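Novice: Sharing a structure, written as structure tokens. Questions coming.
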Amino acid sequence: MFITFSPSAVEQLSPYLEDGVHQLKLLHDTEGCGCVVSGVPALQLVKESSADDRLTQGQPFAFLYEPRHEVFFEPQLRIGYDTDRGTFSLKSDGQIYSLNLRFLTAPA
């Protein structure tokens, strides 16, 4: 899996990552959905990876994801940021996953 981040997404995310402590994680969030197939994508800021996470390269950020959820995403993804709406988006060449991608920040 590979994610390319748009310049506006890089601008929004860089302040969270410049401390060198936090990493991005692409989630397939199923909380409150009732079924794993009904999950929604989210981007989470984490301080450390879990045993189930895999680190992979993106452009320009590396990110974590759980391989068991890889089936829900295409191999090449794009994360953008709409400055007018103040929201992230997740897209591929084949589909739009979300125009309102949740960004979950890590607890302090």
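The chains in the structure tokens are called A, B, ... from first to last as shown; in each chain the residues are counted from 1, and the ligands are counted from 1 in the order shown.
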Going by DSSP on the backbone, which bits of chain A are strand (DSSP E)? Write them as a CSV table (one decimal) with C-alpha atoms, in the first residue's frame, please.
Specialist:
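Saved result, result06.csv, follows:
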chain,number,residue,atom,x,y,z
A,2,PHE,CA,1.3,3.5,-0.9
A,3,ILE,CA,-0.2,6.9,-0.1
A,4,THR,CA,0.7,10.1,-1.8
A,5,PHE,CA,-0.2,13.2,0.3
A,23,GLN,CA,3.3,8.6,13.3
A,24,LEU,CA,0.3,8.5,11.0
A,25,LYS,CA,-1.9,5.4,10.8
A,26,LEU,CA,-4.5,4.6,8.2
A,27,LEU,CA,-7.4,2.9,10.0
A,28,HIS,CA,-10.4,0.9,8.8
A,29,ASP,CA,-12.5,2.1,11.8
A,40,VAL,CA,-14.9,3.7,7.5
A,41,PRO,CA,-11.4,5.0,6.8
A,42,ALA,CA,-9.7,7.3,9.2
A,43,LEU,CA,-6.3,8.8,9.7
A,44,GLN,CA,-4.9,8.6,13.3
A,45,LEU,CA,-1.9,10.2,14.9
A,46,VAL,CA,-0.2,7.6,17.2
A,54,ARG,CA,3.0,-2.6,9.5
A,55,LEU,CA,5.1,0.5,8.6
A,56,THR,CA,5.2,1.4,4.9
A,63,PHE,CA,2.5,5.5,7.7
A,64,LEU,CA,1.2,2.5,9.7
A,65,TYR,CA,-1.7,0.2,8.8
A,76,GLN,CA,-2.3,3.4,-4.5
A,77,LEU,CA,-4.1,6.0,-2.5
A,78,ARG,CA,-4.1,9.8,-2.2
A,79,ILE,CA,-4.8,12.0,0.8
A,80,GLY,CA,-5.8,15.6,0.1
A,81,TYR,CA,-6.9,18.5,2.2
A,82,ASP,CA,-9.6,20.9,1.2
A,87,THR,CA,-11.3,18.4,5.7
A,88,PHE,CA,-9.1,15.6,4.5
A,89,SER,CA,-10.1,13.3,1.7
A,90,LEU,CA,-9.0,9.8,0.8
A,91,LYS,CA,-9.2,8.8,-2.9
A,96,ILE,CA,-13.5,8.2,-3.5
A,97,TYR,CA,-13.3,6.6,0.0
A,98,SER,CA,-14.1,9.7,1.9
A,99,LEU,CA,-14.3,13.5,1.3
A,100,ASN,CA,-14.5,14.0,5.1
A,101,LEU,CA,-11.7,11.7,6.3
A,102,ARG,CA,-11.6,11.8,10.1
A,103,PHE,CA,-8.2,12.8,11.6
A,104,LEU,CA,-7.8,11.5,15.1
Novice: Using DSSP on the backbone coordinates, identify the residues of chain A assigned to alpha helix (DSSP H); present them as a list in words.
Specialist: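 DSSP on the backbone gives alpha helix (DSSP H) at Pro7, Ser8, Ala9, Val10, Glu11, Gln12, Leu13, Ser14, Pro15, Tyr16 and Leu17 of chain A.
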Novice: Output N, CA, C and O atoms of each residue in that selection to a file, as a PDB file, in the first residue's frame.
Specialist:
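To be explicit, this is the file written out as again.pdb:
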ATOM      1  N   PRO A   7       0.111  18.525  -1.453  1.00  0.00           N
ATOM      2  CA  PRO A   7       0.828  19.609  -0.761  1.00  0.00           C
ATOM      3  C   PRO A   7       0.016  20.227   0.391  1.00  0.00           C
ATOM      4  O   PRO A   7       0.572  20.518   1.451  1.00  0.00           O
ATOM      5  N   SER A   8      -1.291  20.390   0.200  1.00  0.00           N
ATOM      6  CA  SER A   8      -2.104  20.978   1.278  1.00  0.00           C
ATOM      7  C   SER A   8      -2.236  20.017   2.459  1.00  0.00           C
ATOM      8  O   SER A   8      -2.260  20.445   3.620  1.00  0.00           O
ATOM      9  N   ALA A   9      -2.284  18.706   2.199  1.00  0.00           N
ATOM     10  CA  ALA A   9      -2.325  17.726   3.284  1.00  0.00           C
ATOM     11  C   ALA A   9      -0.991  17.705   4.029  1.00  0.00           C
ATOM     12  O   ALA A   9      -0.959  17.627   5.264  1.00  0.00           O
ATOM     13  N   VAL A  10       0.109  17.808   3.300  1.00  0.00           N
ATOM     14  CA  VAL A  10       1.436  17.857   3.922  1.00  0.00           C
ATOM     15  C   VAL A  10       1.530  19.074   4.841  1.00  0.00           C
ATOM     16  O   VAL A  10       2.015  18.978   5.975  1.00  0.00           O
ATOM     17  N   GLU A  11       1.045  20.201   4.371  1.00  0.00           N
ATOM     18  CA  GLU A  11       1.077  21.429   5.174  1.00  0.00           C
ATOM     19  C   GLU A  11       0.286  21.268   6.474  1.00  0.00           C
ATOM     20  O   GLU A  11       0.708  21.717   7.531  1.00  0.00           O
ATOM     21  N   GLN A  12      -0.863  20.613   6.401  1.00  0.00           N
ATOM     22  CA  GLN A  12      -1.699  20.413   7.591  1.00  0.00           C
ATOM     23  C   GLN A  12      -1.117  19.383   8.553  1.00  0.00           C
ATOM     24  O   GLN A  12      -1.244  19.518   9.769  1.00  0.00           O
ATOM     25  N   LEU A  13      -0.500  18.332   8.033  1.00  0.00           N
ATOM     26  CA  LEU A  13      -0.015  17.231   8.865  1.00  0.00           C
ATOM     27  C   LEU A  13       1.388  17.450   9.422  1.00  0.00           C
ATOM     28  O   LEU A  13       1.721  16.917  10.484  1.00  0.00           O
ATOM     29  N   SER A  14       2.202  18.204   8.735  1.00  0.00           N
ATOM     30  CA  SER A  14       3.607  18.390   9.148  1.00  0.00           C
ATOM     31  C   SER A  14       3.777  18.853  10.591  1.00  0.00           C
ATOM     32  O   SER A  14       4.640  18.324  11.301  1.00  0.00           O
ATOM     33  N   PRO A  15       2.995  19.816  11.078  1.00  0.00           N
ATOM     34  CA  PRO A  15       3.183  20.242  12.474  1.00  0.00           C
ATOM     35  C   PRO A  15       2.993  19.108  13.490  1.00  0.00           C
ATOM     36  O   PRO A  15       3.622  19.110  14.545  1.00  0.00           O
ATOM     37  N   TYR A  16       2.161  18.138  13.176  1.00  0.00           N
ATOM     38  CA  TYR A  16       1.929  17.012  14.079  1.00  0.00           C
ATOM     39  C   TYR A  16       3.081  16.006  14.055  1.00  0.00           C
ATOM     40  O   TYR A  16       3.262  15.241  14.997  1.00  0.00           O
ATOM     41  N   LEU A  17       3.840  15.986  12.971  1.00  0.00           N
ATOM     42  CA  LEU A  17       4.869  14.968  12.781  1.00  0.00           C
ATOM     43  C   LEU A  17       6.283  15.477  13.003  1.00  0.00           C
ATOM     44  O   LEU A  17       7.216  14.682  13.104  1.00  0.00           O
TER      45      LEU A  17
END
Novice: Can you tell me how far atom CA of Glu70 of chain A sits from atom CA of Glu48 of chain A, in Å to one decimal?
Specialist: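 Distance reported for this atom pair: 19.7 Å.
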Novice: What's the separation between atom CA of Ala51 of chain A and atom CA of Pro75 of chain A, in Å to one decimal place?
Specialist: 22.0 Å
Novice: Do you have the atom CA of Phe73 of chain A-atom CA of Gly20 of chain A distance handy?
Specialist: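 Atom-to-atom, atom CA of Phe73 of chain A and atom CA of Gly20 of chain A are spaced 26.8 Å apart.
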